[in-house]
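A quick write-up on the structure given underneath.
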Amino acid sequence: MVSVTGNLAVDSLSVRFTLPDARVSAVSDVSFSVSPGECLALVGESGCGKSVLASALLGFLPGNAEVAGTAMLGSLDLLSASDQVLSQQVRGRQIGLVPQSPAAHLTPVRTARAQLDEALRFLHPASERPSADSVAARAGLKPADLDLYPHQLSGGMAQRVATALALAGDPWLIIADEPTTGLDRALVDALIDELRVLVADGRAVLLITHDLSAARRVADRIAVMYAGRFVEVGPAEEVLDAPRHPYTRGLVDSLPDRAFTPIPGLPPVLTDLPPGCAFTPRCDRVTDECADRPQLTRVNGHAVACHQPC
Ligand SMILES: Nc1ncnc2c1ncn2[C@@H]1O[C@H](COP(=O)(O)OP(=O)(O)O)[C@@H](O)[C@H]1O
Ligand code: SF4
Ligand SMILES: [Mg+2]
């Protein structure tokens, strides 16, 4: 088990981007917490705000972003902390990020080992520094794999190098952003096993994915995001086996091993959200009431934001 413990409590997080001619409501009023030894999966279609949420927690948002709410890591509010504090105390040390498209984040002219060694030097004093090989092994890499350059890495290997970099500072929380994208089935299976080991080891995993099957296999809890908001949150099995929000039901029904029926229509543009429930144009249960935005209402640990839940 890892010795570090922590807790992340996000409360009413909102992120807006100001563009020359519009404002994008990328994340709206999102609250959740995550603790060591559990995996929370954040699921939803592309463009619903998942990566922006992760970037907000790590202070990676661009200058045109406006953030509200709090994200308490112990007594530190990540949303108001300076870049220096985030860099010295949080990134890599308490929260490790496996970014979306990991290959794009590796420096092309340096081997994986050189990049991992650099991260380890930054994150640990010499007397306590683990070897690159030992950190790589935790991400499923062999020592020889580290001697490859990024262009020599397959998608699966690049994913593992990114995971090793995220683990370099022994963080208690790993945020993995779409880690299964582009991997074949065997590599997805291996990745799921690796994430499970991290959780069993006492770490927390925030798994960001549009892959419900992956979420089912590793998550304890699932938060379903639509148009920047959480619309359903609960234990993974309950949310996927008995979805209460029509959007979650639509996602489940669109799986190949279920009805394989896509949700009609497209997600809304986040510059132009309707005042009521954002799912209204795609929903088969809509009534007049849906012109008022439903609140996320919790019953026995399972929350849903819908006036006519399934
Ligand atoms: N820097 C930015 N400026 C303006 N809009 C942005 C910016 N970054 C992301 N967005 C918008 O925020 C929304 C959420 O994006 P994102 O979090 O990347 O979605 P996903 O759920 O696919 O990870 C999208 O509509 C995206 O276009
Ligand atoms: S609030 Fe209304 S439109 Fe929104 S998901 Fe529920 S039934 Fe559908
Ligand atoms: Mg994303």
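Labels used: A, B, ... for chains in the order of the structure tokens, numbers from 1 for residues in each chain, and numbers from 1 for ligands as shown.
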Which chains and residue numbers are within 10 Å of ligand 2, counting only C-alpha atoms and all ligand atoms, if I want them as a ChimeraX atom specification? /A:231,244-248,276-295,304-310
Next, dump the selected residues to file, keeping only C-alpha atoms, as an mmCIF file, in the first residue's frame.
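Result file result-v6.cif:
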```
data_model
loop_
_atom_site.group_PDB
_atom_site.id
_atom_site.type_symbol
_atom_site.label_atom_id
_atom_site.label_comp_id
_atom_site.auth_asym_id
_atom_site.auth_seq_id
_atom_site.Cartn_x
_atom_site.Cartn_y
_atom_site.Cartn_z
ATOM 1 C CA VAL A 231 -26.396 14.408 -14.548
ATOM 2 C CA ARG A 244 -31.918 6.611 -13.994
ATOM 3 C CA HIS A 245 -31.043 9.544 -16.274
ATOM 4 C CA PRO A 246 -32.315 9.218 -19.861
ATOM 5 C CA TYR A 247 -28.864 10.254 -21.112
ATOM 6 C CA THR A 248 -27.119 7.496 -19.124
ATOM 7 C CA GLY A 276 -33.684 24.235 -18.834
ATOM 8 C CA CYS A 277 -32.391 20.673 -19.070
ATOM 9 C CA ALA A 278 -29.645 20.573 -21.737
ATOM 10 C CA PHE A 279 -30.741 17.056 -22.783
ATOM 11 C CA THR A 280 -34.242 18.235 -23.793
ATOM 12 C CA PRO A 281 -33.718 18.129 -27.612
ATOM 13 C CA ARG A 282 -32.576 14.480 -27.441
ATOM 14 C CA CYS A 283 -34.825 13.173 -24.685
ATOM 15 C CA ASP A 284 -37.850 10.865 -25.159
ATOM 16 C CA ARG A 285 -39.299 11.663 -21.707
ATOM 17 C CA VAL A 286 -39.421 15.441 -21.995
ATOM 18 C CA THR A 287 -42.351 17.340 -20.434
ATOM 19 C CA ASP A 288 -43.062 21.046 -19.849
ATOM 20 C CA GLU A 289 -41.273 20.763 -16.509
ATOM 21 C CA CYS A 290 -37.953 20.241 -18.321
ATOM 22 C CA ALA A 291 -37.856 23.935 -19.255
ATOM 23 C CA ASP A 292 -36.573 24.372 -15.668
ATOM 24 C CA ARG A 293 -33.150 22.911 -15.101
ATOM 25 C CA PRO A 294 -33.389 19.841 -12.825
ATOM 26 C CA GLN A 295 -31.185 19.736 -9.721
ATOM 27 C CA VAL A 304 -29.762 12.057 -10.733
ATOM 28 C CA ALA A 305 -30.680 15.391 -12.317
ATOM 29 C CA CYS A 306 -33.914 14.712 -14.151
ATOM 30 C CA HIS A 307 -37.594 15.592 -13.695
ATOM 31 C CA GLN A 308 -38.742 12.190 -15.047
ATOM 32 C CA PRO A 309 -35.984 9.698 -14.132
ATOM 33 C CA CYS A 310 -36.205 6.186 -15.586
#
```
Can you list every residue of chain A that has an atom at most 7 Å from ligand 1, with its nearest atom pair and the distance in Å to one decimal, using only C-alpha atoms and all ligand atoms, ordered by chain then number, as JSON lines?
```
{"residue": "A:Phe17", "atom": "CA", "partner": "ligand 1", "partner_atom_place_in_ligand_line": "4 (C)", "distance": 5.0}
{"residue": "A:Thr18", "atom": "CA", "partner": "ligand 1", "partner_atom_place_in_ligand_line": "4 (C)", "distance": 6.8}
{"residue": "A:Leu19", "atom": "CA", "partner": "ligand 1", "partner_atom_place_in_ligand_line": "4 (C)", "distance": 6.4}
{"residue": "A:Val24", "atom": "CA", "partner": "ligand 1", "partner_atom_place_in_ligand_line": "5 (N)", "distance": 5.8}
{"residue": "A:Ala26", "atom": "CA", "partner": "ligand 1", "partner_atom_place_in_ligand_line": "12 (O)", "distance": 4.4}
{"residue": "A:Gly44", "atom": "CA", "partner": "ligand 1", "partner_atom_place_in_ligand_line": "21 (O)", "distance": 6.5}
{"residue": "A:Glu45", "atom": "CA", "partner": "ligand 1", "partner_atom_place_in_ligand_line": "21 (O)", "distance": 6.3}
{"residue": "A:Ser46", "atom": "CA", "partner": "ligand 1", "partner_atom_place_in_ligand_line": "22 (O)", "distance": 3.6}
{"residue": "A:Gly47", "atom": "CA", "partner": "ligand 1", "partner_atom_place_in_ligand_line": "19 (O)", "distance": 3.4}
{"residue": "A:Cys48", "atom": "CA", "partner": "ligand 1", "partner_atom_place_in_ligand_line": "21 (O)", "distance": 3.9}
{"residue": "A:Gly49", "atom": "CA", "partner": "ligand 1", "partner_atom_place_in_ligand_line": "17 (O)", "distance": 3.2}
{"residue": "A:Lys50", "atom": "CA", "partner": "ligand 1", "partner_atom_place_in_ligand_line": "21 (O)", "distance": 3.8}
{"residue": "A:Ser51", "atom": "CA", "partner": "ligand 1", "partner_atom_place_in_ligand_line": "23 (O)", "distance": 3.7}
{"residue": "A:Val52", "atom": "CA", "partner": "ligand 1", "partner_atom_place_in_ligand_line": "17 (O)", "distance": 3.7}
{"residue": "A:Leu53", "atom": "CA", "partner": "ligand 1", "partner_atom_place_in_ligand_line": "17 (O)", "distance": 6.3}
{"residue": "A:Pro62", "atom": "CA", "partner": "ligand 1", "partner_atom_place_in_ligand_line": "1 (N)", "distance": 5.7}
{"residue": "A:Asn64", "atom": "CA", "partner": "ligand 1", "partner_atom_place_in_ligand_line": "3 (N)", "distance": 6.8}
{"residue": "A:Val269", "atom": "CA", "partner": "ligand 1", "partner_atom_place_in_ligand_line": "25 (O)", "distance": 6.6}
{"residue": "A:Leu270", "atom": "CA", "partner": "ligand 1", "partner_atom_place_in_ligand_line": "25 (O)", "distance": 5.5}
```
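Among A:Gly301, A:Pro267, A:Pro99, A:Pro125, the residue with the shortest atom-to-atom distance to ligand 3, counting only C-alpha atoms and all ligand atoms, is A:Pro99.
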Fewer than 2 positions away in the same chain doesn't count, so skip those; otherwise give me all residues within 12 Å of Leu58 in chain A, counting only C-alpha atoms, as a PyMOL selection string. chain A and resi 51-56+60-62+71-73+77-99+173-175
Using only C-alpha atoms and all ligand atoms, can you tell me which of A:Ala186, A:Ile208, A:Ala119, A:Leu195 comes closest to ligand 3?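 Under the stated criterion, the closest residue is A:Ile208.
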Using only C-alpha atoms, which of A:Met157, A:Ala200, A:Ser25, A:Asp211 sits nearest Pro256 in chain A? A:Asp211
In Å, how far is it from CA of Val67 in chain A to CA of Pro179 in chain A? 25.6 Å
Contact residues around Ala223 in chain A with only C-alpha atoms at 7 Å, ignoring same-chain residues under 5 positions, as a VMD selection string: chain A and resid 41 to 43 230 232 to 234
Can you tell me, as JSON, numbers by chain, what residues are no more than 9 Å from Val30 in chain A when counting only C-alpha atoms, ignoring any on the same chain fewer than 3 positions away? {"A": [10, 11, 12, 13, 14, 27, 53, 69, 228, 229, 230]}
Run DSSP on the backbone and grab whatever in range 74-308 of chain A lands in strand (DSSP E or B); send it over as a compact mmCIF listing (two decimals) with C-alpha atoms, in the first residue's frame.
```txt
# COMPACT_ATOMS: atom_id res chain seq x y z
CA LEU A 76 -5.19 23.64 -0.14
CA ASP A 77 -7.68 25.00 -2.68
CA ARG A 91 1.53 18.19 -9.78
CA ILE A 95 -1.82 14.26 -8.36
CA GLY A 96 -0.31 12.51 -11.38
CA LEU A 97 -1.85 13.14 -14.79
CA VAL A 98 -1.85 10.65 -17.63
CA LEU A 173 -4.30 10.39 -7.02
CA ILE A 174 -3.90 9.53 -10.69
CA ILE A 175 -6.03 11.33 -13.28
CA ALA A 176 -6.11 9.23 -16.44
CA ASP A 177 -7.66 11.13 -19.36
CA ALA A 204 -7.17 6.94 -6.06
CA VAL A 205 -7.91 6.98 -9.78
CA LEU A 206 -10.04 9.56 -11.56
CA LEU A 207 -10.69 7.81 -14.85
CA ILE A 208 -11.91 10.12 -17.59
CA THR A 209 -13.41 8.16 -20.43
CA ARG A 221 -18.42 5.07 -8.75
CA ILE A 222 -19.43 6.68 -12.03
CA ALA A 223 -20.26 10.32 -12.68
CA VAL A 224 -22.05 10.91 -15.97
CA MET A 225 -21.40 14.33 -17.48
CA TYR A 226 -23.56 16.06 -20.07
CA ARG A 229 -22.84 19.16 -15.75
CA PHE A 230 -23.03 15.96 -13.73
CA VAL A 231 -26.40 14.41 -14.55
CA GLU A 232 -26.02 11.10 -12.70
CA VAL A 233 -23.58 9.92 -10.02
CA GLY A 234 -23.64 6.62 -8.18
CA PRO A 235 -22.12 3.19 -7.63
CA THR A 297 -30.95 14.97 -6.29
CA ARG A 298 -29.41 12.20 -4.22
CA VAL A 299 -31.25 9.14 -2.92
CA HIS A 302 -27.28 7.60 -6.22
CA ALA A 303 -27.87 11.10 -7.59
CA VAL A 304 -29.76 12.06 -10.73
```
